[in-house]
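Here is start-v7.cif, consisting of mmCIF, C-alpha atoms:
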data_my_file
#
loop_
_atom_site.label_atom_id
_atom_site.label_comp_id
_atom_site.auth_asym_id
_atom_site.auth_seq_id
_atom_site.Cartn_x
_atom_site.Cartn_y
_atom_site.Cartn_z
CA MET A 25 8.68 -12.19 8.92
CA VAL A 26 10.74 -12.27 12.09
CA SER A 27 8.78 -12.85 15.28
CA SER A 28 7.80 -9.78 17.23
CA SER A 29 8.45 -11.42 20.58
CA HIS A 30 10.42 -9.47 23.14
CA SER A 31 13.34 -11.87 22.80
CA ALA A 32 13.75 -10.69 19.20
CA ALA A 33 13.34 -7.02 20.07
CA PRO A 34 16.01 -4.69 18.70
CA ARG A 35 18.71 -3.67 21.14
CA ALA A 36 19.09 -0.06 22.21
CA LEU A 37 22.62 1.11 21.47
CA ASP A 38 24.90 2.58 24.09
CA PRO A 39 24.15 6.34 24.13
CA ALA A 40 27.75 7.10 25.04
CA THR A 41 29.08 5.54 21.87
CA VAL A 42 26.38 6.41 19.34
CA ARG A 43 25.32 9.81 20.61
CA VAL A 44 22.79 11.38 18.26
CA ALA A 45 23.13 15.09 17.64
CA CYS A 46 20.04 16.56 15.94
CA SER A 47 22.10 19.62 15.08
CA ASN A 48 24.37 17.49 12.86
CA CYS A 49 21.77 15.13 11.42
CA ASN A 50 21.17 15.31 7.67
CA LEU A 51 17.43 14.84 8.33
CA ARG A 52 17.24 17.86 10.61
CA GLU A 53 15.07 19.91 8.25
CA LEU A 54 12.54 17.08 8.04
CA CYS A 55 12.40 16.19 11.73
CA LEU A 56 13.03 19.49 13.52
CA PRO A 57 10.94 22.65 13.57
CA VAL A 58 12.37 25.80 12.08
CA GLY A 59 13.25 28.52 14.56
CA LEU A 60 14.80 26.61 17.47
CA SER A 61 17.75 28.40 19.04
CA ALA A 62 21.11 26.67 19.39
CA ASP A 63 20.41 26.10 23.09
CA GLU A 64 17.00 24.58 22.34
CA VAL A 65 18.52 22.24 19.74
CA ARG A 66 21.14 21.15 22.29
CA ARG A 67 18.39 20.36 24.80
CA LEU A 68 16.57 18.35 22.16
CA ASP A 69 19.85 16.53 21.45
CA HIS A 70 19.94 15.56 25.12
CA LEU A 71 16.39 14.22 24.93
CA ILE A 72 17.30 11.76 22.17
CA ALA A 73 19.44 9.45 24.27
CA ALA A 74 19.80 6.54 21.87
CA ARG A 75 19.28 5.12 18.45
CA ARG A 76 17.99 1.66 17.73
CA ARG A 77 18.79 -0.61 14.82
CA ILE A 78 16.09 -2.89 13.48
CA ARG A 79 16.85 -5.71 11.10
CA ARG A 80 14.73 -6.32 8.02
CA GLY A 81 11.56 -8.17 9.06
CA ALA A 82 11.93 -7.35 12.76
CA THR A 83 9.33 -5.44 14.77
CA LEU A 84 9.97 -2.05 16.36
CA PHE A 85 6.77 -2.25 18.43
CA SER A 86 3.64 -4.39 18.35
CA ALA A 87 -0.04 -3.68 18.84
CA GLY A 88 -0.80 -3.75 22.55
CA ASP A 89 2.72 -2.77 23.64
CA PRO A 90 2.90 0.04 26.22
CA PHE A 91 3.46 3.44 24.63
CA THR A 92 6.55 5.23 25.91
CA SER A 93 8.28 6.85 22.95
CA LEU A 94 8.00 8.22 19.46
CA TYR A 95 10.52 7.06 16.87
CA ALA A 96 12.06 9.25 14.18
CA VAL A 97 13.11 7.10 11.23
CA ARG A 98 16.76 7.86 10.56
CA SER A 99 17.25 5.32 7.77
CA GLY A 100 15.31 2.50 6.18
CA PHE A 101 11.63 1.77 5.52
CA PHE A 102 8.82 0.53 7.75
CA LYS A 103 5.27 -0.67 7.34
CA THR A 104 2.58 -0.37 9.99
CA THR A 105 -0.05 -3.10 10.25
CA VAL A 106 -3.16 -3.99 12.24
CA THR A 107 -4.63 -7.46 12.65
CA THR A 108 -8.17 -7.78 11.32
CA ALA A 109 -10.97 -9.78 12.96
CA ASP A 110 -10.24 -12.76 10.70
CA GLY A 111 -6.54 -12.76 11.62
CA ARG A 112 -5.11 -11.05 8.56
CA ASP A 113 -2.41 -8.37 8.76
CA GLN A 114 -3.73 -5.17 7.14
CA VAL A 115 -1.07 -2.67 6.06
CA THR A 116 -2.01 0.82 7.25
CA GLY A 117 1.01 2.80 6.10
CA PHE A 118 4.61 2.97 4.91
CA GLN A 119 7.13 5.19 6.68
CA MET A 120 10.57 6.34 5.54
CA ALA A 121 13.52 8.39 6.76
CA GLY A 122 12.46 11.70 8.32
CA GLU A 123 9.02 10.45 9.37
CA ILE A 124 7.69 9.63 12.83
CA LEU A 125 6.42 6.29 14.13
CA GLY A 126 4.44 5.63 17.29
CA LEU A 127 1.79 8.35 17.23
CA ASP A 128 -0.89 5.65 17.37
CA GLY A 129 -0.02 5.00 21.01
CA ILE A 130 -0.76 8.46 22.39
CA VAL A 131 -4.52 8.09 22.90
CA GLN A 132 -4.65 4.90 24.98
CA ASP A 133 -1.01 4.72 26.18
CA LYS A 134 -0.53 1.56 24.15
CA HIS A 135 0.16 0.92 20.50
CA SER A 136 -2.79 0.09 18.27
CA CYS A 137 -0.64 -1.13 15.37
CA SER A 138 2.66 -2.90 14.77
CA ALA A 139 5.69 -1.39 13.00
CA VAL A 140 7.86 -3.77 10.96
CA ALA A 141 11.11 -2.91 9.16
CA LEU A 142 10.98 -3.53 5.41
CA GLU A 143 14.78 -3.24 5.25
CA ASP A 144 17.58 -2.78 7.78
CA ALA A 145 16.66 0.47 9.52
CA GLU A 146 17.62 2.82 12.33
CA VAL A 147 15.43 5.06 14.48
CA CYS A 148 16.01 7.84 16.99
CA ILE A 149 14.10 7.27 20.24
CA LEU A 150 12.13 10.24 21.62
CA PRO A 151 10.74 9.51 25.13
CA PHE A 152 7.25 11.01 24.91
CA GLU A 153 6.86 12.38 28.44
CA GLN A 154 10.13 14.30 28.13
CA LEU A 155 9.17 15.47 24.65
CA GLU A 156 5.88 16.81 26.04
CA ASP A 157 7.71 18.66 28.83
CA LEU A 158 10.10 20.22 26.35
CA SER A 159 7.23 21.14 24.01
CA ARG A 160 5.59 23.17 26.76
CA GLU A 161 8.77 25.25 27.00
CA PHE A 162 9.41 25.66 23.27
CA SER A 163 6.36 26.82 21.35
CA ALA A 164 8.06 26.03 18.02
CA LEU A 165 8.56 22.42 19.08
CA GLN A 166 4.97 22.11 20.33
CA HIS A 167 3.66 23.50 17.04
CA HIS A 168 5.87 21.06 15.14
CA VAL A 169 4.53 18.07 17.10
CA HIS A 170 0.99 19.23 16.37
CA ARG A 171 1.84 19.53 12.67
CA ILE A 172 3.17 15.97 12.64
CA MET A 173 -0.06 14.72 14.22
CA SER A 174 -2.13 16.72 11.76
CA ARG A 175 -0.13 15.32 8.85
CA GLU A 176 -0.94 11.79 10.01
CA ILE A 177 -4.65 12.64 10.20
CA VAL A 178 -4.58 14.07 6.67
CA ARG A 179 -2.70 10.99 5.43
CA ASP A 180 -5.32 8.71 7.00
CA GLN A 181 -8.05 10.72 5.30
CA GLY A 182 -6.22 10.30 2.01
CA VAL A 183 -6.15 6.54 2.45
CA MET A 184 -9.88 6.54 3.18
CA LEU A 185 -10.40 8.47 -0.05
CA LEU A 186 -8.32 5.90 -1.94
CA LEU A 187 -10.29 3.00 -0.56
CA GLY A 188 -13.67 4.65 -0.81
CA SER A 189 -13.80 6.29 -4.21
CA MET A 190 -10.87 5.39 -6.46
CA ARG A 191 -10.64 2.65 -9.05
CA ALA A 192 -7.68 0.27 -9.11
CA GLU A 193 -5.54 2.23 -11.58
CA GLU A 194 -6.28 5.48 -9.73
CA ARG A 195 -5.19 3.98 -6.41
CA VAL A 196 -1.89 2.71 -7.81
CA ALA A 197 -1.21 6.00 -9.63
CA ALA A 198 -1.84 8.01 -6.45
CA PHE A 199 0.37 5.62 -4.46
CA LEU A 200 3.30 5.93 -6.88
CA LEU A 201 3.05 9.72 -7.08
CA ASN A 202 2.88 10.08 -3.29
CA LEU A 203 5.84 7.76 -2.75
CA VAL A 204 8.14 9.37 -5.30
CA GLN A 205 7.26 12.86 -4.02
CA ARG A 206 8.13 11.87 -0.44
CA LEU A 207 11.40 10.32 -1.60
CA HIS A 208 12.27 13.39 -3.66
CA ALA A 209 11.81 15.58 -0.56
CA ARG A 210 14.58 13.49 1.00
CA GLY A 211 17.01 14.11 -1.85
CA PHE A 212 16.24 11.10 -4.03
CA SER A 213 15.30 11.06 -7.70
CA ARG A 214 11.97 12.60 -8.71
CA SER A 215 11.36 9.76 -11.19
CA GLU A 216 13.15 6.57 -10.05
CA MET A 217 12.74 4.43 -6.94
CA ILE A 218 13.23 0.98 -5.49
CA LEU A 219 10.04 -0.30 -3.90
CA ARG A 220 10.87 -1.63 -0.43
CA MET A 221 7.44 -3.21 -0.11
CA THR A 222 6.06 -6.19 -2.02
CA ARG A 223 3.16 -6.05 -4.45
CA GLU A 224 1.13 -7.94 -1.88
CA GLU A 225 1.86 -5.29 0.77
CA ILE A 226 0.90 -2.55 -1.67
CA GLY A 227 -2.36 -4.39 -2.34
CA SER A 228 -3.07 -4.71 1.39
CA TYR A 229 -2.51 -0.97 1.83
CA LEU A 230 -4.64 0.00 -1.18
CA GLY A 231 -7.41 -2.54 -0.56
CA MET A 232 -6.59 -4.50 -3.72
CA LYS A 233 -5.78 -8.11 -4.58
CA LEU A 234 -2.20 -8.98 -5.48
CA GLU A 235 -3.24 -9.93 -9.01
CA THR A 236 -4.93 -6.56 -9.54
CA VAL A 237 -1.84 -4.67 -8.38
CA SER A 238 0.39 -6.70 -10.72
CA ARG A 239 -1.98 -6.21 -13.68
CA THR A 240 -2.12 -2.46 -13.04
CA PHE A 241 1.68 -2.19 -12.99
CA SER A 242 1.83 -4.17 -16.24
CA ARG A 243 -0.83 -1.95 -17.84
CA PHE A 244 1.04 1.21 -16.85
CA GLN A 245 4.21 -0.23 -18.35
CA GLU A 246 2.46 -1.22 -21.58
CA ASP A 247 1.07 2.31 -21.84
CA GLY A 248 4.56 3.80 -21.45
CA ILE A 249 3.71 5.48 -18.14
CA ILE A 250 6.26 3.61 -16.03
CA GLU A 251 9.19 1.24 -16.48
CA VAL A 252 9.26 -1.73 -14.11
CA LYS A 253 12.05 -4.20 -13.42
CA GLN A 254 11.10 -6.25 -10.36
CA ARG A 255 11.17 -3.65 -7.53
CA TYR A 256 12.78 -0.91 -9.61
CA VAL A 257 10.24 1.60 -10.91
CA ARG A 258 10.94 4.54 -13.18
CA ILE A 259 8.14 7.02 -13.79
CA LEU A 260 8.25 7.97 -17.47
CA SER A 261 5.16 10.19 -17.46
CA PRO A 262 4.15 11.74 -14.14
CA GLN A 263 1.63 13.79 -16.11
CA ALA A 264 -0.15 10.59 -17.15
CA LEU A 265 -0.27 9.38 -13.52
CA GLU A 266 -1.64 12.76 -12.44
CA ALA A 267 -4.28 12.60 -15.15
CA ILE A 268 -5.36 9.17 -13.91
CA VAL A 269 -5.65 10.46 -10.33
CA ASN A 270 -7.57 13.52 -11.53
CA GLN A 271 -10.22 11.22 -13.00
CA ALA A 272 -11.19 10.37 -9.43
CA ASP A 273 -11.32 14.05 -8.46
CA THR A 274 -13.81 14.83 -11.23
CA ARG A 275 -16.21 12.21 -9.84
CA LEU A 276 -16.24 13.67 -6.33
#

Hey, can you dump this file as structure tokens for me?
Amino acid sequence: MVSSSHSAAPRALDPATVRVACSNCNLRELCLPVGLSADEVRRLDHLIAARRRIRRGATLFSAGDPFTSLYAVRSGFFKTTVTTADGRDQVTGFQMAGEILGLDGIVQDKHSCSAVALEDAEVCILPFEQLEDLSREFSALQHHVHRIMSREIVRDQGVMLLLGSMRAEERVAAFLLNLVQRLHARGFSRSEMILRMTREEIGSYLGMKLETVSRTFSRFQEDGIIEVKQRYVRILSPQALEAIVNQADTRL
């Protein structure tokens, strides 16, 4: 991975030449609340002064960095990680286009995790203080920010459920279903995907060893549930994956 030192930090692009207009963005329905007037959207456009490009392996922000902004993923994939007491990097999430990074910094005004690009990516920068001011004026925007925060809480609870009660095959099945559903909401196939993360990163996120993740993928392929070619995955039977996940539900 590329060092997260400030010398390797991604460069903010010139706002005058790469002006972001939320009103023209193809991710508008994912990032923006419904019901903003044209004037409100223009004011939100003004808030987002720049985009930032992050190369694969580079760090958008690191744990301990001062919190100043939220980041809307415009393209690419990220992982968020925390460093454990024994020095290991623990993956805490994967984020894709239309999702928000940086919410971890709100509580203590500094980031509690690091965000690393899994492929060349681009984010829209939302200065948080200005976003708060605008949210107080626009109730729809304030509600939308609260929904984003709530979604992150629910997602964290889902991960705790994965780690606390599910067996290996149930964790991988839930992970694949969640990922393909999120991708489909962004206009991609409902059954095919390219995994931007490694098997090792999946294992870190799911609390599993690399070998267990690989064996589970192989078992799913042998059972005709998925087709796997390196990072390409095609889901042949979503019903079978759902049935595997439902096994965990019946034990709760």

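Here CA of Leu207 (chain A) stands at a distance of 12.0 Å from CA of Arg220 (chain A).
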
Assuming the chain letters and numbering stay as they are in my file, what does the PyMOL selection byres ((chain A and resi 79-94) around 10) actually select? List them as a VMD selection string.
chain A and resid 25 to 30 32 to 34 76 to 78 95 to 97 100 to 107 124 to 155

Name every residue that the PyMOL selection byres ((chain A and resi 194-196) around 10) selects in this structure, writing the answer as a PDB file with C-alpha atoms, in the frame of the given file with chains first and numbers rising.
ATOM      1  CA  VAL A 183      -6.150   6.540   2.450  1.00  0.00           C
ATOM      2  CA  LEU A 185     -10.400   8.470  -0.050  1.00  0.00           C
ATOM      3  CA  LEU A 186      -8.320   5.900  -1.940  1.00  0.00           C
ATOM      4  CA  LEU A 187     -10.290   3.000  -0.560  1.00  0.00           C
ATOM      5  CA  SER A 189     -13.800   6.290  -4.210  1.00  0.00           C
ATOM      6  CA  MET A 190     -10.870   5.390  -6.460  1.00  0.00           C
ATOM      7  CA  ARG A 191     -10.640   2.650  -9.050  1.00  0.00           C
ATOM      8  CA  ALA A 192      -7.680   0.270  -9.110  1.00  0.00           C
ATOM      9  CA  GLU A 193      -5.540   2.230 -11.580  1.00  0.00           C
ATOM     10  CA  ALA A 197      -1.210   6.000  -9.630  1.00  0.00           C
ATOM     11  CA  ALA A 198      -1.840   8.010  -6.450  1.00  0.00           C
ATOM     12  CA  PHE A 199       0.370   5.620  -4.460  1.00  0.00           C
ATOM     13  CA  LEU A 200       3.300   5.930  -6.880  1.00  0.00           C
ATOM     14  CA  LEU A 201       3.050   9.720  -7.080  1.00  0.00           C
ATOM     15  CA  ASN A 202       2.880  10.080  -3.290  1.00  0.00           C
ATOM     16  CA  ILE A 226       0.900  -2.550  -1.670  1.00  0.00           C
ATOM     17  CA  GLY A 227      -2.360  -4.390  -2.340  1.00  0.00           C
ATOM     18  CA  TYR A 229      -2.510  -0.970   1.830  1.00  0.00           C
ATOM     19  CA  LEU A 230      -4.640   0.000  -1.180  1.00  0.00           C
ATOM     20  CA  GLY A 231      -7.410  -2.540  -0.560  1.00  0.00           C
ATOM     21  CA  MET A 232      -6.590  -4.500  -3.720  1.00  0.00           C
ATOM     22  CA  THR A 236      -4.930  -6.560  -9.540  1.00  0.00           C
ATOM     23  CA  VAL A 237      -1.840  -4.670  -8.380  1.00  0.00           C
ATOM     24  CA  THR A 240      -2.120  -2.460 -13.040  1.00  0.00           C
ATOM     25  CA  PHE A 241       1.680  -2.190 -12.990  1.00  0.00           C
ATOM     26  CA  PHE A 244       1.040   1.210 -16.850  1.00  0.00           C
ATOM     27  CA  LEU A 265      -0.270   9.380 -13.520  1.00  0.00           C
ATOM     28  CA  GLU A 266      -1.640  12.760 -12.440  1.00  0.00           C
ATOM     29  CA  ALA A 267      -4.280  12.600 -15.150  1.00  0.00           C
ATOM     30  CA  ILE A 268      -5.360   9.170 -13.910  1.00  0.00           C
ATOM     31  CA  VAL A 269      -5.650  10.460 -10.330  1.00  0.00           C
ATOM     32  CA  ASN A 270      -7.570  13.520 -11.530  1.00  0.00           C
ATOM     33  CA  GLN A 271     -10.220  11.220 -13.000  1.00  0.00           C
ATOM     34  CA  ALA A 272     -11.190  10.370  -9.430  1.00  0.00           C
TER      35      ALA A 272
END

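Nearest residue to Arg112 (chain A) among A:Glu251, A:Leu260, A:Glu246, A:Glu225 is A:Glu225, counting only C-alpha atoms.
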
Can you measure CA of Ser228 (chain A) to CA of Arg255 (chain A) for me? One decimal in Å is fine.
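Separation of CA of Ser228 (chain A) and CA of Arg255 (chain A): 16.8 Å.
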
What is the distance between CA of Ala164 (chain A) and CA of Arg66 (chain A), in Å to one decimal?
14.6 Å

Proximity to Arg258 (chain A) - best of A:Ser159, A:Gln119, A:Thr222, A:Ser215, only C-alpha atoms:
A:Ser215

On this file, the PyMOL selection byres ((chain A and resi 217) around 7) gives some set of residues; write that set as a list in words.
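Evaluating the PyMOL selection byres ((chain A and resi 217) around 7) on these coordinates yields Val204, Ser215, Glu216, Ile218, Leu219, Tyr256, Val257 and Arg258 of chain A.
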